>>> print(open('run.txt').read())   # compact mmCIF, C-alpha atoms
# COMPACT_ATOMS: atom_id res chain seq x y z
CA MET K 286 183.85 -36.50 -13.25
CA ARG K 287 183.04 -32.80 -13.22
CA LYS K 288 180.41 -33.35 -15.87
CA ARG K 289 178.77 -35.98 -13.72
CA ILE K 290 178.73 -33.67 -10.70
CA ALA K 291 177.16 -30.98 -12.84
CA SER K 292 174.42 -33.26 -14.16
CA VAL K 293 173.61 -34.56 -10.68
CA LEU K 294 173.41 -30.97 -9.48
CA LEU K 295 171.14 -29.98 -12.32
CA ALA K 296 168.85 -32.93 -11.61
CA PHE K 297 168.71 -31.90 -7.96
CA LEU K 298 168.08 -28.34 -8.99
CA VAL K 299 165.12 -29.08 -11.21
CA SER K 300 163.44 -30.91 -8.35
CA ALA K 301 164.48 -28.46 -5.64
CA CYS K 302 163.41 -25.32 -7.45
CA ALA K 303 159.92 -26.63 -7.89
CA SER K 304 159.35 -26.11 -4.17
CA GLY K 305 156.54 -23.67 -3.78
CA GLU K 306 155.58 -20.13 -4.58
CA PRO K 307 156.07 -17.27 -2.13
CA GLY K 308 153.05 -16.59 0.05
CA GLU K 309 151.08 -13.35 0.16
CA GLY K 310 153.38 -10.38 0.84
CA GLN K 311 156.46 -12.63 0.92
CA LEU K 312 159.45 -12.01 -1.33
CA ILE K 313 160.34 -15.71 -1.46
CA ALA K 314 158.92 -19.12 -0.51
CA ASP K 315 160.41 -20.46 2.72
CA PRO K 316 159.21 -24.03 3.29
CA TYR K 317 162.37 -24.92 5.26
CA GLU K 318 162.02 -22.02 7.69
CA ASN K 319 162.49 -24.12 10.82
CA VAL K 320 165.79 -25.64 9.67
CA ASN K 321 166.86 -22.31 8.16
CA ARG K 322 166.30 -20.56 11.49
CA GLU K 323 168.46 -23.12 13.31
CA ILE K 324 171.29 -22.60 10.82
CA HIS K 325 170.81 -18.83 11.03
CA SER K 326 171.28 -18.91 14.83
CA PHE K 327 174.44 -20.94 14.30
CA ASN K 328 175.73 -18.51 11.67
CA LYS K 329 174.91 -15.49 13.79
CA GLY K 330 176.77 -17.06 16.71
CA ILE K 331 179.81 -17.57 14.47
CA ASP K 332 179.60 -13.97 13.32
CA THR K 333 179.35 -12.63 16.87
CA ALA K 334 182.17 -14.81 18.21
CA VAL K 335 184.57 -15.02 15.28
CA VAL K 336 183.86 -13.29 11.97
CA ASN K 337 182.83 -9.86 13.23
CA PRO K 338 185.71 -9.51 15.73
CA ALA K 339 188.17 -10.87 13.15
CA SER K 340 186.96 -8.42 10.50
CA LYS K 341 187.30 -5.56 12.99
CA ALA K 342 190.84 -6.70 13.72
CA TYR K 343 191.48 -6.90 9.97
CA ASP K 344 190.17 -3.35 9.63
CA PHE K 345 192.33 -2.18 12.53
CA VAL K 346 195.64 -3.69 11.43
CA THR K 347 195.28 -3.09 7.69
CA PRO K 348 195.96 0.43 6.40
CA ALA K 349 193.45 1.85 3.91
CA LEU K 350 195.91 1.33 1.07
CA GLY K 351 196.36 -2.31 2.05
CA LYS K 352 192.60 -2.84 2.11
CA PHE K 353 192.31 -1.19 -1.27
CA LEU K 354 194.96 -3.48 -2.78
CA ILE K 355 193.52 -6.63 -1.18
CA SER K 356 189.98 -5.77 -2.22
CA ASN K 357 191.13 -5.19 -5.80
CA ALA K 358 193.07 -8.46 -5.90
CA LEU K 359 190.16 -10.47 -4.49
CA SER K 360 187.78 -8.97 -7.03
CA HIS K 361 190.32 -9.61 -9.79
CA LEU K 362 190.41 -13.33 -8.96
CA THR K 363 186.66 -13.61 -9.59
CA LEU K 364 186.86 -12.13 -13.10
CA PRO K 365 187.58 -15.36 -15.06
CA GLY K 366 184.53 -16.97 -13.45
CA ALA K 367 182.42 -13.86 -14.08
CA PHE K 368 183.59 -13.85 -17.71
CA ALA K 369 182.53 -17.49 -18.16
CA ASN K 370 179.13 -16.76 -16.61
CA HIS K 371 178.54 -13.68 -18.78
CA VAL K 372 179.32 -15.84 -21.83
CA MET K 373 176.96 -18.60 -20.64
CA GLN K 374 174.29 -15.95 -20.12
CA GLY K 375 174.79 -14.88 -23.74
CA ASP K 376 175.74 -11.38 -22.59
CA LEU K 377 178.75 -10.81 -24.80
CA GLY K 378 178.87 -7.08 -24.03
CA ASP K 379 179.36 -7.73 -20.30
CA ALA K 380 181.71 -10.62 -21.11
CA GLY K 381 183.84 -8.33 -23.29
CA GLU K 382 183.91 -5.63 -20.64
CA THR K 383 184.92 -8.21 -18.02
CA LEU K 384 187.68 -9.56 -20.28
CA ALA K 385 188.89 -6.01 -20.94
CA ARG K 386 188.90 -5.35 -17.21
CA PHE K 387 190.85 -8.53 -16.51
CA THR K 388 193.42 -7.75 -19.20
CA LEU K 389 193.86 -4.10 -18.24
CA ASN K 390 194.21 -4.78 -14.54
CA THR K 391 196.54 -7.75 -15.08
CA VAL K 392 198.85 -5.80 -17.37
CA LEU K 393 198.56 -2.20 -16.15
CA GLY K 394 197.21 -2.87 -12.67
CA ALA K 395 200.10 -4.87 -11.20
CA ALA K 396 198.43 -8.28 -11.63
CA GLY K 397 195.12 -6.98 -10.29
CA PHE K 398 196.21 -5.17 -7.14
CA LEU K 399 195.41 -1.85 -8.79
CA ASP K 400 192.32 -0.97 -10.76
CA PRO K 401 193.03 1.27 -13.77
CA ALA K 402 190.24 -0.54 -15.70
CA THR K 403 187.47 1.32 -13.86
CA GLU K 404 189.01 4.60 -15.03
CA PHE K 405 188.82 3.28 -18.59
CA GLY K 406 185.13 2.47 -18.21
CA ALA K 407 185.58 -1.30 -17.85
CA ASP K 408 183.59 -1.75 -14.65
CA TYR K 409 183.18 -4.75 -12.42
CA ILE K 410 179.92 -6.39 -13.44
CA GLU K 411 178.98 -8.82 -10.72
CA THR K 412 177.54 -12.19 -11.75
CA ASP K 413 177.71 -15.87 -10.83
CA PHE K 414 176.35 -19.26 -11.84
CA GLY K 415 173.16 -18.69 -9.84
CA LEU K 416 172.39 -15.77 -12.15
CA THR K 417 173.37 -17.88 -15.19
CA LEU K 418 170.78 -20.44 -14.08
CA ALA K 419 168.27 -17.59 -13.70
CA GLU K 420 169.06 -16.53 -17.25
CA TRP K 421 168.46 -20.12 -18.38
CA GLY K 422 164.98 -19.95 -16.89
CA VAL K 423 165.56 -21.72 -13.58
CA GLY K 424 163.33 -20.23 -10.89
CA THR K 425 164.65 -18.82 -7.60
CA GLY K 426 163.37 -21.82 -5.68
CA ALA K 427 163.08 -21.74 -1.90
CA PHE K 428 165.02 -19.67 0.58
CA LEU K 429 167.97 -21.53 2.14
CA GLU K 430 170.28 -20.50 4.94
CA LEU K 431 173.62 -22.21 4.33
CA PRO K 432 175.94 -23.04 7.24
CA LEU K 433 178.80 -20.47 7.27
CA PHE K 434 177.80 -18.99 3.89
CA GLY K 435 174.55 -17.40 5.07
CA PRO K 436 171.41 -16.56 3.10
CA SER K 437 170.86 -18.23 -0.27
CA THR K 438 168.20 -19.95 -2.36
CA THR K 439 168.07 -23.45 -3.82
CA ARG K 440 169.14 -22.00 -7.15
CA ASP K 441 171.89 -19.77 -5.75
CA ALA K 442 173.21 -22.60 -3.55
CA VAL K 443 173.67 -24.82 -6.61
CA GLY K 444 175.30 -21.86 -8.37
CA ARG K 445 177.69 -21.46 -5.47
CA VAL K 446 178.77 -25.12 -5.65
CA VAL K 447 179.30 -24.93 -9.42
CA ASP K 448 181.22 -21.64 -9.12
CA SER K 449 183.49 -23.12 -6.45
CA ILE K 450 184.19 -26.27 -8.51
CA PHE K 451 185.25 -24.22 -11.49
CA VAL K 452 187.19 -21.56 -9.61
CA PRO K 453 190.25 -21.08 -11.85
CA THR K 454 192.63 -20.17 -9.04
CA GLY K 455 192.31 -23.70 -7.65
CA TYR K 456 194.28 -25.07 -10.59
CA LEU K 457 197.01 -22.49 -10.38
CA VAL K 458 197.81 -22.62 -6.69
CA GLY K 459 197.49 -25.12 -3.87
CA SER K 460 194.32 -25.63 -1.84
CA ASP K 461 195.92 -23.94 1.18
CA VAL K 462 196.17 -20.77 -0.83
CA VAL K 463 192.55 -21.12 -1.97
CA TRP K 464 191.39 -21.39 1.65
CA GLY K 465 193.58 -18.45 2.62
CA VAL K 466 192.02 -16.38 -0.14
CA ARG K 467 188.54 -17.43 0.97
CA ALA K 468 189.23 -16.44 4.56
CA LEU K 469 190.56 -13.07 3.44
CA ASP K 470 187.57 -12.63 1.15
CA LEU K 471 185.24 -13.30 4.09
CA LEU K 472 186.95 -10.67 6.26
CA ASP K 473 187.04 -8.16 3.40
CA THR K 474 183.35 -8.71 2.64
CA ARG K 475 182.28 -8.52 6.29
CA ASP K 476 184.30 -5.33 6.68
CA ARG K 477 182.97 -3.63 3.55
CA TYR K 478 179.34 -4.48 4.17
CA ARG K 479 179.57 -3.76 7.88
CA ALA K 480 176.76 -1.19 7.83
CA LEU K 481 174.35 -3.50 6.07
CA ILE K 482 175.26 -6.72 7.90
CA ASP K 483 175.26 -5.10 11.36
CA ASP K 484 171.85 -3.58 10.65
CA VAL K 485 170.40 -6.89 9.58
CA LEU K 486 171.98 -9.08 12.27
CA TYR K 487 172.03 -6.79 15.30
CA GLU K 488 169.47 -3.98 14.86
CA SER K 489 166.54 -6.17 13.94
CA GLU K 490 164.30 -8.04 16.37
CA ASP K 491 164.13 -10.96 13.95
CA SER K 492 167.49 -11.10 12.25
CA TYR K 493 166.51 -14.21 10.29
CA ARG K 494 163.61 -12.45 8.64
CA ALA K 495 165.63 -9.27 8.11
CA SER K 496 168.53 -11.11 6.47
CA ARG K 497 166.19 -13.09 4.22
CA ASN K 498 164.52 -9.87 3.10
CA ALA K 499 167.81 -8.03 2.52
CA TYR K 500 169.35 -10.96 0.65
CA ILE K 501 166.48 -11.22 -1.81
CA GLN K 502 166.40 -7.46 -2.41
CA ASN K 503 170.16 -7.40 -3.00
CA ARG K 504 170.12 -10.41 -5.36
CA ARG K 505 167.37 -8.87 -7.45
CA SER K 506 169.35 -5.69 -7.94
CA VAL K 507 172.50 -7.68 -8.82
CA GLN K 508 170.49 -9.73 -11.30
CA ALA K 509 169.06 -6.60 -12.93
CA GLY K 510 172.50 -4.90 -12.90
CA GLU K 511 171.05 -1.92 -11.05
CA THR K 512 168.43 -1.02 -8.46
CA GLN K 513 165.01 -1.64 -9.93
CA ILE K 514 163.05 1.54 -9.46
CA GLU K 515 159.70 -0.23 -9.86
CA ALA K 516 160.61 -2.49 -6.93
CA LEU K 517 161.03 0.49 -4.59
CA PRO K 518 157.90 1.30 -2.59
CA ASP K 519 155.99 4.44 -3.55
CA ILE K 520 155.54 6.02 -0.14
CA PHE K 521 153.04 8.57 -1.45
CA ILE K 522 150.33 6.21 -2.62
CA GLU K 523 150.39 3.61 0.15
CA MET D 231 180.68 -1.29 -9.45
CA HIS D 232 177.76 -1.16 -11.81
CA ILE D 233 176.70 2.36 -10.93
CA ASP D 234 175.47 4.28 -13.93
CA ARG D 235 177.44 1.91 -16.13
CA ARG D 236 175.25 2.25 -19.19
CA SER D 237 175.28 6.02 -19.44
CA PHE D 238 178.96 6.02 -18.53
CA LEU D 239 179.74 3.64 -21.39
CA ALA D 240 177.43 5.48 -23.75
CA ARG D 241 179.38 8.64 -23.12
CA GLY D 242 182.64 6.77 -23.56
CA THR D 243 181.71 5.19 -26.86
CA ALA D 244 180.10 8.25 -28.42
CA ALA D 245 182.94 8.61 -30.94
CA LEU D 246 184.95 10.40 -28.30
CA GLY D 247 187.30 7.60 -27.41
CA LEU D 248 188.59 6.29 -24.12
CA GLY D 249 190.18 9.56 -23.06
CA THR D 250 186.79 11.17 -22.73
CA ALA D 251 185.52 8.19 -20.76
CA VAL D 252 188.27 8.78 -18.24
CA LEU D 253 187.27 12.42 -17.89
CA GLY D 254 183.59 11.49 -17.96
CA GLY D 255 183.69 10.25 -14.39
CA ALA D 256 184.88 13.60 -13.12
CA LEU D 257 182.83 15.95 -15.27
CA PRO D 258 179.57 17.37 -13.94
CA LEU D 259 176.47 15.58 -15.19
CA ARG D 260 175.36 17.00 -18.47
CA ALA D 261 172.07 18.69 -19.33
CA LEU D 262 169.91 17.24 -16.57
CA ALA D 263 166.49 18.58 -15.74
CA ALA D 264 166.45 21.13 -12.94
CA THR D 265 164.88 18.68 -10.55
CA ALA D 266 167.70 16.17 -11.08
CA GLU D 267 170.20 18.85 -10.13
CA GLN D 268 168.09 19.80 -7.13
CA ALA D 269 167.90 16.15 -6.11
CA GLN D 270 171.65 15.79 -6.33
CA ALA D 271 172.28 19.05 -4.45
CA HIS D 272 169.82 17.95 -1.80
CA VAL D 273 171.70 14.69 -1.22
CA VAL D 274 175.09 16.43 -1.17
CA GLN D 275 173.87 18.97 1.40
CA THR D 276 172.30 16.25 3.54
CA VAL D 277 175.49 14.21 3.51
CA GLU D 278 177.47 17.29 4.52
CA GLU D 279 175.12 18.00 7.42
CA VAL D 280 175.27 14.41 8.62
CA LEU D 281 179.07 14.31 8.32
CA LEU D 282 179.35 17.50 10.39
CA LEU D 283 177.23 15.88 13.07
CA VAL D 284 179.20 12.62 12.98
CA GLN D 285 182.52 14.45 13.26
CA ALA D 286 181.34 16.66 16.13
CA PRO D 287 182.45 15.58 19.60
CA GLY D 288 180.01 13.50 21.62
CA VAL D 289 178.53 10.05 21.73
CA ALA D 290 175.84 8.55 19.50
CA GLU D 291 173.10 8.83 22.16
CA THR D 292 173.41 12.61 22.38
CA LYS D 293 173.54 12.97 18.59
CA ALA D 294 170.34 11.03 17.90
CA PRO D 295 168.01 14.02 18.51
CA GLN D 296 170.12 16.19 16.19
CA LEU D 297 170.14 13.46 13.55
CA ARG D 298 166.37 13.25 13.86
CA GLN D 299 166.16 16.99 13.23
CA ILE D 300 168.21 16.61 10.04
CA MET D 301 166.00 13.70 8.96
CA GLU D 302 162.81 15.69 9.56
CA GLN D 303 164.17 18.54 7.45
CA ARG D 304 165.70 16.42 4.70
CA ALA D 305 163.44 13.37 4.37
CA SER D 306 159.69 12.75 4.08
CA MET D 307 159.58 11.23 7.56
CA PRO D 308 155.77 11.13 8.01
CA GLN D 309 155.28 9.33 4.68
CA ILE D 310 158.21 6.98 5.36
CA ALA D 311 156.70 6.09 8.75
CA GLN D 312 153.31 5.46 7.15
CA ALA D 313 154.86 3.25 4.44
CA ALA D 314 156.86 1.34 7.06
CA ALA D 315 153.69 0.73 9.10
CA GLY D 316 152.17 -0.98 6.05
CA ILE D 317 148.67 -2.36 6.49
CA ALA D 318 148.83 -1.66 10.23
CA TRP D 319 148.51 2.06 9.45
CA ARG D 320 144.83 1.66 8.61
CA GLN D 321 144.17 -0.08 11.91
CA MET D 322 145.57 2.86 13.88
CA THR D 323 143.51 5.76 15.20
CA PRO D 324 144.72 9.24 14.10
CA ASP D 325 146.21 9.65 17.56
CA GLN D 326 148.08 6.35 17.28
CA GLN D 327 149.27 7.30 13.80
CA ALA D 328 150.74 10.53 15.14
CA ARG D 329 152.46 8.79 18.05
CA PHE D 330 153.73 5.99 15.79
CA THR D 331 155.21 8.55 13.36
CA ASP D 332 156.96 10.28 16.25
CA ALA D 333 158.27 7.04 17.81
CA PHE D 334 159.39 5.71 14.43
CA ALA D 335 161.50 8.82 13.75
CA ASP D 336 163.14 8.42 17.17
CA TYR D 337 163.82 4.76 16.51
CA ILE D 338 165.42 5.36 13.10
CA ALA D 339 167.49 8.28 14.45
CA ARG D 340 168.78 6.13 17.32
CA ILE D 341 169.83 3.29 15.00
CA TYR D 342 171.56 5.54 12.51
CA ALA D 343 173.25 7.80 15.05
CA ARG D 344 174.91 4.65 16.38
CA ARG D 345 175.73 3.31 12.91
CA PHE D 346 177.15 6.51 11.48
CA GLN D 347 179.42 6.89 14.48
CA GLU D 348 181.07 3.57 13.61
CA TYR D 349 181.78 4.54 10.04
CA GLU D 350 183.65 7.72 10.62
CA GLY D 351 186.46 8.24 8.14
CA GLN D 352 184.61 6.88 5.12
CA GLN D 353 184.11 9.04 2.07
CA ILE D 354 181.00 9.43 -0.04
CA GLN D 355 180.86 10.54 -3.67
CA VAL D 356 177.81 11.23 -5.79
CA THR D 357 178.30 9.29 -9.04
CA GLY D 358 175.10 9.89 -11.01
CA VAL D 359 171.38 10.52 -11.08
CA ARG D 360 168.74 8.23 -12.58
CA ASP D 361 165.28 9.36 -13.58
CA ALA D 362 162.84 7.43 -11.41
CA GLY D 363 159.73 8.62 -13.24
CA GLN D 364 156.84 9.34 -10.91
CA LYS D 365 159.08 8.51 -7.95
CA GLY D 366 161.42 11.39 -8.75
CA HIS D 367 165.15 10.81 -9.05
CA LEU D 368 167.50 8.15 -7.77
CA VAL D 369 170.75 9.87 -6.78
CA GLN D 370 173.59 7.37 -6.88
CA SER D 371 176.60 7.54 -4.59
CA SER D 372 179.60 5.46 -3.61
CA VAL D 373 180.86 5.08 -0.08
CA ILE D 374 184.59 4.47 -0.04
CA GLY D 375 186.25 3.15 3.07
CA GLY D 376 189.38 1.39 1.88
CA GLY D 377 187.99 -1.64 0.05
CA ALA D 378 185.67 -1.70 -2.94
CA PRO D 379 183.00 1.00 -2.82
CA ILE D 380 179.48 0.40 -1.49
CA SER D 381 176.51 1.62 -3.52
CA VAL D 382 174.16 3.97 -1.67
CA GLU D 383 171.22 5.43 -3.60
CA TRP D 384 168.82 8.14 -2.52
CA LEU D 385 165.29 8.35 -3.85
CA VAL D 386 164.48 12.06 -3.95
CA SER D 387 161.37 13.94 -5.10
CA ASP D 388 159.38 17.07 -4.32
CA ARG D 389 156.08 15.23 -4.04
CA SER D 390 155.68 16.18 -0.39
CA GLY D 391 155.74 19.84 -1.49
CA ARG D 392 159.46 20.26 -0.94
CA VAL D 393 162.56 18.40 -2.16
CA ALA D 394 163.04 15.47 0.21
CA ILE D 395 164.58 11.99 0.52
CA ASN D 396 161.95 9.28 0.32
CA ASP D 397 164.10 6.15 0.56
CA ILE D 398 167.75 5.14 0.94
CA VAL D 399 168.89 2.05 -0.96
CA ILE D 400 172.15 0.37 0.14
CA GLU D 401 173.45 -2.24 -2.32
CA GLY D 402 169.93 -2.67 -3.66
CA VAL D 403 168.35 -2.96 -0.20
CA SER D 404 165.62 -0.37 0.45
CA LEU D 405 165.37 1.15 3.91
CA VAL D 406 161.59 1.53 3.59
CA LEU D 407 161.05 -2.09 2.50
CA THR D 408 163.37 -3.31 5.25
CA GLN D 409 161.58 -1.26 7.91
CA ARG D 410 158.18 -2.37 6.64
CA GLU D 411 159.29 -5.96 7.20
CA GLU D 412 160.67 -5.03 10.62
CA MET D 413 157.49 -3.21 11.71
CA ALA D 414 155.31 -6.12 10.53
CA GLN D 415 157.47 -8.53 12.52
CA MET D 416 157.52 -6.36 15.66
CA LEU D 417 153.76 -5.93 15.50
CA ALA D 418 153.11 -9.66 14.94
CA SER D 419 155.38 -10.64 17.84
CA ARG D 420 153.32 -8.30 20.07
CA GLY D 421 149.99 -9.86 19.19
CA SER D 422 149.16 -7.00 16.75
CA ASP D 423 149.08 -4.58 19.69
CA VAL D 424 149.79 -1.15 18.17
CA GLU D 425 150.37 0.43 21.61
CA ALA D 426 153.01 -2.18 22.40
CA LEU D 427 154.71 -1.48 19.06
CA ILE D 428 154.78 2.28 19.72
CA ALA D 429 156.14 1.68 23.21
CA ALA D 430 158.88 -0.57 21.81
CA LEU D 431 159.99 2.08 19.29
CA GLY D 432 159.93 5.09 21.59
>>> encode(input="run.txt", output="structure tokens")
Amino acid sequence: MRKRIASVLLAFLVSACASGEPGEGQLIADPYENVNREIHSFNKGIDTAVVNPASKAYDFVTPALGKFLISNALSHLTLPGAFANHVMQGDLGDAGETLARFTLNTVLGAAGFLDPATEFGADYIETDFGLTLAEWGVGTGAFLELPLFGPSTTRDAVGRVVDSIFVPTGYLVGSDVVWGVRALDLLDTRDRYRALIDDVLYESEDSYRASRNAYIQNRRSVQAGETQIEALPDIFIE
Amino acid sequence: MHIDRRSFLARGTAALGLGTAVLGGALPLRALAATAEQAQAHVVQTVEEVLLLVQAPGVAETKAPQLRQIMEQRASMPQIAQAAAGIAWRQMTPDQQARFTDAFADYIARIYARRFQEYEGQQIQVTGVRDAGQKGHLVQSSVIGGGAPISVEWLVSDRSGRVAINDIVIEGVSLVLTQREEMAQMLASRGSDVEALIAALG
């Protein structure tokens, strides 16, 4: 069954990612802009009414130590998936470091609530199935704004679905727990990236355009593993 | 966090064992060119100045002019404004360019005075410096506010004749690129009227 879902997704992906090249001066093609903008307004409304206030409440009621422990645990839960993706990308160095991190923090870090691994040089190396597809040569595709999940691309959206199907925690605990973890993850993420998200959503005249731009810049740096210096504008020659 | 991971690991694996890797994070950066040290010192001093301002009593609105003063001293504001204006810069008269530069600095100072005020209590640590070639140095820092750290990088060079910040990159997102997009959008939504754009910023 899972195999069939994956092959249907891949078939969809091959067709979806063929959709257009970015126009002049654009970071990404956006043929679905009208629909995307509708979904963006919906998402922004949800953020204003629910997610942002809830994340502020989370920040207010949770002591710094609590946030630290929760953030560690949430990141720990993503490591098996990240390990699998590093392997699929053929990056055994990053896979090994991720495995070392998972082992160290499980054993010495109280099941992942603490993070001694970073001190040992086993850092968190962010990745996901969208980046695995990129490694396999699948193009970015078109920009997509997903309901509730926010900015994405056709490739990253497929990656998100695949990552969520294969999330290992789903097999270990009930679905209620999975949803609880997701809700907590959302609040933690909104809280941590408050500066960036507030800037994009509430300081820009066109928050759709600003969030699209920021998403693509951020994804490129995650894909490269670091900020790409050549992608930064040279303010002295322009 | 992927900050400076490669050099960090390289130090750790250089036949020195894990113990050194643990210390490595706390040791000062080794044998960097003078300009890298200057770049790092410049960022540290700027952060200290901004923190002093944020912690001082008063509301964001009254701090914006002081923040602008720090920005003018610490960053290449005229060049940043010009880069943010993008192709519109060439359509402006010298007088409009001067007024745009002034209004842009006000606009950025207002936004960030408000932002910084909200993030009081967070800590920032410089974690490394990358050579950015012609663009100078990228000073890497982590902002820690309870959860996992946020990556903030500072592009610093002395190309304006003095050591100055030329861009700030948060989680891979460049302030200059973001503002260039914003200025293009603001200008387009005002029928490419430069005067209307300047009025909206000021």
>>> closest_residue(input="run.txt", among="D:Val274, D:Ile341, D:Ala426, D:Leu283", to="chain K", atoms="only C-alpha atoms")
D:Ile341
>>> closest_atom_pairs(input="run.txt", of="chain K", to="chain D", cutoff="6 Å", atoms="only C-alpha atoms", output="tab-separated table")
residue	atom	partner	partner_atom	distance
K:Ala349	CA	D:Gly376	CA	4.6
K:Lys352	CA	D:Gly377	CA	5.2
K:Phe353	CA	D:Gly377	CA	4.5
K:Ser356	CA	D:Gly377	CA	5.1
K:Glu404	CA	D:Val252	CA	5.3
K:Phe405	CA	D:Val252	CA	5.5
K:Asp408	CA	D:Met231	CA	6.0
K:Tyr409	CA	D:Met231	CA	5.2
K:Ile410	CA	D:His232	CA	5.9
K:Ala499	CA	D:Val403	CA	5.8
K:Gln502	CA	D:Val403	CA	5.4
K:Asn503	CA	D:Gly402	CA	4.8
K:Ser506	CA	D:Gly402	CA	5.3
K:Thr512	CA	D:Gly402	CA	5.3
K:Ile520	CA	D:Ala313	CA	5.4
>>> residues_around(input="run.txt", residues="stretch 325-339 of chain D", least_positions_apart="2", cutoff="8 Å", atoms="all atoms listed in the file", output="list in words")
Ala294, Pro295, Leu297, Arg298, Met301, Met307, Pro308, Ala311, Gln312, Trp319, Met322, Thr323, Ile341, Tyr342, Ala343, Val424, Glu425, Ile428, Ala429, Leu431 and Gly432 of chain D
>>> atom_distance(input="run.txt", atom1="atom CA of D:Val369", atom2="atom CA of D:Gly391")
18.8 Å
>>> atom_distance(input="run.txt", atom1="atom CA of D:Glu278", atom2="atom CA of D:Ile395")
14.5 Å
>>> atom_distance(input="run.txt", atom1="atom CA of D:Arg304", atom2="atom CA of D:Arg392")
9.2 Å
>>> build_atoms(input="run.txt", residues="stretch 483-499 of chain K", atoms="N, CA and C atoms", output="PDB file, in the frame of the given file")
ATOM      1  N   ASP K 483     175.547  -5.418   9.958  1.00  0.00           N
ATOM      2  CA  ASP K 483     175.260  -5.100  11.360  1.00  0.00           C
ATOM      3  C   ASP K 483     173.791  -4.738  11.545  1.00  0.00           C
ATOM      4  N   ASP K 484     173.259  -3.959  10.600  1.00  0.00           N
ATOM      5  CA  ASP K 484     171.850  -3.580  10.650  1.00  0.00           C
ATOM      6  C   ASP K 484     170.967  -4.813  10.692  1.00  0.00           C
ATOM      7  N   VAL K 485     171.242  -5.713   9.744  1.00  0.00           N
ATOM      8  CA  VAL K 485     170.400  -6.890   9.580  1.00  0.00           C
ATOM      9  C   VAL K 485     170.531  -7.844  10.770  1.00  0.00           C
ATOM     10  N   LEU K 486     171.761  -8.076  11.216  1.00  0.00           N
ATOM     11  CA  LEU K 486     171.980  -9.080  12.270  1.00  0.00           C
ATOM     12  C   LEU K 486     171.697  -8.539  13.667  1.00  0.00           C
ATOM     13  N   TYR K 487     172.042  -7.255  13.903  1.00  0.00           N
ATOM     14  CA  TYR K 487     172.030  -6.790  15.300  1.00  0.00           C
ATOM     15  C   TYR K 487     171.057  -5.643  15.595  1.00  0.00           C
ATOM     16  N   GLU K 488     170.423  -5.048  14.573  1.00  0.00           N
ATOM     17  CA  GLU K 488     169.470  -3.980  14.860  1.00  0.00           C
ATOM     18  C   GLU K 488     168.036  -4.453  14.682  1.00  0.00           C
ATOM     19  N   SER K 489     167.877  -5.677  14.214  1.00  0.00           N
ATOM     20  CA  SER K 489     166.540  -6.170  13.940  1.00  0.00           C
ATOM     21  C   SER K 489     166.100  -7.130  15.038  1.00  0.00           C
ATOM     22  N   GLU K 490     164.802  -7.110  15.348  1.00  0.00           N
ATOM     23  CA  GLU K 490     164.300  -8.040  16.370  1.00  0.00           C
ATOM     24  C   GLU K 490     164.320  -9.475  15.855  1.00  0.00           C
ATOM     25  N   ASP K 491     164.126  -9.627  14.544  1.00  0.00           N
ATOM     26  CA  ASP K 491     164.130 -10.960  13.950  1.00  0.00           C
ATOM     27  C   ASP K 491     165.168 -10.958  12.834  1.00  0.00           C
ATOM     28  N   SER K 492     166.400 -11.253  13.212  1.00  0.00           N
ATOM     29  CA  SER K 492     167.490 -11.100  12.250  1.00  0.00           C
ATOM     30  C   SER K 492     167.368 -12.116  11.106  1.00  0.00           C
ATOM     31  N   TYR K 493     166.704 -13.236  11.376  1.00  0.00           N
ATOM     32  CA  TYR K 493     166.510 -14.210  10.290  1.00  0.00           C
ATOM     33  C   TYR K 493     165.654 -13.597   9.189  1.00  0.00           C
ATOM     34  N   ARG K 494     164.528 -13.042   9.603  1.00  0.00           N
ATOM     35  CA  ARG K 494     163.610 -12.450   8.640  1.00  0.00           C
ATOM     36  C   ARG K 494     164.254 -11.255   7.926  1.00  0.00           C
ATOM     37  N   ALA K 495     164.977 -10.452   8.695  1.00  0.00           N
ATOM     38  CA  ALA K 495     165.630  -9.270   8.110  1.00  0.00           C
ATOM     39  C   ALA K 495     166.694  -9.674   7.092  1.00  0.00           C
ATOM     40  N   SER K 496     167.465 -10.725   7.401  1.00  0.00           N
ATOM     41  CA  SER K 496     168.530 -11.110   6.470  1.00  0.00           C
ATOM     42  C   SER K 496     167.946 -11.755   5.217  1.00  0.00           C
ATOM     43  N   ARG K 497     166.857 -12.491   5.384  1.00  0.00           N
ATOM     44  CA  ARG K 497     166.190 -13.090   4.220  1.00  0.00           C
ATOM     45  C   ARG K 497     165.700 -11.984   3.288  1.00  0.00           C
ATOM     46  N   ASN K 498     165.058 -10.990   3.871  1.00  0.00           N
ATOM     47  CA  ASN K 498     164.520  -9.870   3.100  1.00  0.00           C
ATOM     48  C   ASN K 498     165.632  -9.098   2.387  1.00  0.00           C
ATOM     49  N   ALA K 499     166.715  -8.805   3.112  1.00  0.00           N
ATOM     50  CA  ALA K 499     167.810  -8.030   2.520  1.00  0.00           C
ATOM     51  C   ALA K 499     168.505  -8.829   1.420  1.00  0.00           C
TER      52      ALA K 499
END
